[in-house]
Amino acid sequence: MMMLARKLHTCSHLSGDDLRLVGTCFAAAWLVRVGLWILPVRVMLRTANRAPWRGLRDKVPAPRIAWAIRLACRYVPRATCLVRALAGQAVMAWHGHACVVTVGVALRKGRFGAHAWLESEGQVLLGDSQEREQYAPIVALGGRRA
């Protein structure tokens, strides 16, 4: 009960525009999460890259969208780095930003690991930039500019 109160308190301080943005990001993250549960990853990656997004007139800055994705994904179960990156790519494209989702792999302590991150204009927006240096990129999906 205490956790729910704390989560509601976080949202109560948001402006109307921020609340709409976080809501959009929340919906995108849920769609990506459910899609990854029922579809193969390769299908989700291909679908996210080809989605026919229509650009909005109000172009929200890319760092603000990244903030909203991070906030919204706190409330989506198992919102992995791939979920955040794909949802971020969708919302970025919707707001007219070109971005790239990169998936990298690494062998750490004898175990295979993977990480996804979102970049726009050479800057990492989602996915820890220091952590990603440990991964060798294997797939880069460019988002369409709306």
# chains A, B, ... in the order shown; residues from 1 in each chain; ligands from 1

$ residues_around --residues "region 30-42 of chain A" --least-positions-apart "4" --cutoff "8 Å" --atoms "only C-alpha atoms" --output "list in words"
Phe26, Arg46, Val76, Arg78, Ala79, Val83, Leu86 and Ala87 of chain A

$ atom_distance --atom1 "CA of Ala90 (chain A)" --atom2 "CA of Ala28 (chain A)"
7.2 Å

$ atom_distance --atom1 "CA of Ala116 (chain A)" --atom2 "CA of Asp18 (chain A)"
25.2 Å

$ decode --residues "region 19-38 of chain A" --atoms "N, CA and C atoms" --output "PDB file, in the first residue's frame"
ATOM      1  N   LEU A  19       2.331  14.656 -17.824  1.00  0.00           N
ATOM      2  CA  LEU A  19       1.474  13.505 -17.543  1.00  0.00           C
ATOM      3  C   LEU A  19       1.037  12.827 -18.835  1.00  0.00           C
ATOM      4  N   ARG A  20       0.692  13.611 -19.859  1.00  0.00           N
ATOM      5  CA  ARG A  20       0.335  13.040 -21.167  1.00  0.00           C
ATOM      6  C   ARG A  20       1.526  12.314 -21.790  1.00  0.00           C
ATOM      7  N   LEU A  21       2.706  12.912 -21.694  1.00  0.00           N
ATOM      8  CA  LEU A  21       3.905  12.289 -22.252  1.00  0.00           C
ATOM      9  C   LEU A  21       4.221  10.974 -21.544  1.00  0.00           C
ATOM     10  N   VAL A  22       4.165  10.978 -20.228  1.00  0.00           N
ATOM     11  CA  VAL A  22       4.419   9.750 -19.465  1.00  0.00           C
ATOM     12  C   VAL A  22       3.363   8.701 -19.790  1.00  0.00           C
ATOM     13  N   GLY A  23       2.109   9.126 -19.961  1.00  0.00           N
ATOM     14  CA  GLY A  23       1.043   8.188 -20.340  1.00  0.00           C
ATOM     15  C   GLY A  23       1.296   7.563 -21.704  1.00  0.00           C
ATOM     16  N   THR A  24       1.737   8.366 -22.653  1.00  0.00           N
ATOM     17  CA  THR A  24       2.078   7.853 -23.981  1.00  0.00           C
ATOM     18  C   THR A  24       3.226   6.854 -23.887  1.00  0.00           C
ATOM     19  N   CYS A  25       4.230   7.189 -23.103  1.00  0.00           N
ATOM     20  CA  CYS A  25       5.378   6.298 -22.932  1.00  0.00           C
ATOM     21  C   CYS A  25       4.976   5.010 -22.223  1.00  0.00           C
ATOM     22  N   PHE A  26       4.087   5.133 -21.255  1.00  0.00           N
ATOM     23  CA  PHE A  26       3.584   3.964 -20.537  1.00  0.00           C
ATOM     24  C   PHE A  26       2.861   3.018 -21.505  1.00  0.00           C
ATOM     25  N   ALA A  27       1.998   3.578 -22.361  1.00  0.00           N
ATOM     26  CA  ALA A  27       1.279   2.760 -23.335  1.00  0.00           C
ATOM     27  C   ALA A  27       2.245   2.106 -24.322  1.00  0.00           C
ATOM     28  N   ALA A  28       3.228   2.861 -24.788  1.00  0.00           N
ATOM     29  CA  ALA A  28       4.217   2.307 -25.723  1.00  0.00           C
ATOM     30  C   ALA A  28       5.005   1.176 -25.068  1.00  0.00           C
ATOM     31  N   ALA A  29       5.404   1.372 -23.824  1.00  0.00           N
ATOM     32  CA  ALA A  29       6.179   0.338 -23.113  1.00  0.00           C
ATOM     33  C   ALA A  29       5.347  -0.926 -22.910  1.00  0.00           C
ATOM     34  N   TRP A  30       4.079  -0.763 -22.564  1.00  0.00           N
ATOM     35  CA  TRP A  30       3.210  -1.934 -22.400  1.00  0.00           C
ATOM     36  C   TRP A  30       3.024  -2.662 -23.718  1.00  0.00           C
ATOM     37  N   LEU A  31       2.821  -1.925 -24.809  1.00  0.00           N
ATOM     38  CA  LEU A  31       2.662  -2.574 -26.109  1.00  0.00           C
ATOM     39  C   LEU A  31       3.919  -3.357 -26.495  1.00  0.00           C
ATOM     40  N   VAL A  32       5.077  -2.759 -26.264  1.00  0.00           N
ATOM     41  CA  VAL A  32       6.336  -3.443 -26.572  1.00  0.00           C
ATOM     42  C   VAL A  32       6.502  -4.659 -25.666  1.00  0.00           C
ATOM     43  N   ARG A  33       6.227  -4.503 -24.369  1.00  0.00           N
ATOM     44  CA  ARG A  33       6.393  -5.619 -23.416  1.00  0.00           C
ATOM     45  C   ARG A  33       5.499  -6.785 -23.810  1.00  0.00           C
ATOM     46  N   VAL A  34       4.230  -6.519 -24.083  1.00  0.00           N
ATOM     47  CA  VAL A  34       3.300  -7.585 -24.476  1.00  0.00           C
ATOM     48  C   VAL A  34       3.733  -8.190 -25.807  1.00  0.00           C
ATOM     49  N   GLY A  35       4.149  -7.341 -26.731  1.00  0.00           N
ATOM     50  CA  GLY A  35       4.635  -7.841 -28.015  1.00  0.00           C
ATOM     51  C   GLY A  35       5.808  -8.784 -27.864  1.00  0.00           C
ATOM     52  N   LEU A  36       6.721  -8.466 -26.960  1.00  0.00           N
ATOM     53  CA  LEU A  36       7.877  -9.338 -26.740  1.00  0.00           C
ATOM     54  C   LEU A  36       7.494 -10.645 -26.043  1.00  0.00           C
ATOM     55  N   TRP A  37       6.400 -10.635 -25.294  1.00  0.00           N
ATOM     56  CA  TRP A  37       5.926 -11.870 -24.678  1.00  0.00           C
ATOM     57  C   TRP A  37       5.326 -12.818 -25.699  1.00  0.00           C
ATOM     58  N   ILE A  38       4.654 -12.262 -26.733  1.00  0.00           N
ATOM     59  CA  ILE A  38       3.923 -13.136 -27.652  1.00  0.00           C
ATOM     60  C   ILE A  38       4.564 -13.288 -29.032  1.00  0.00           C
TER      61      ILE A  38
END
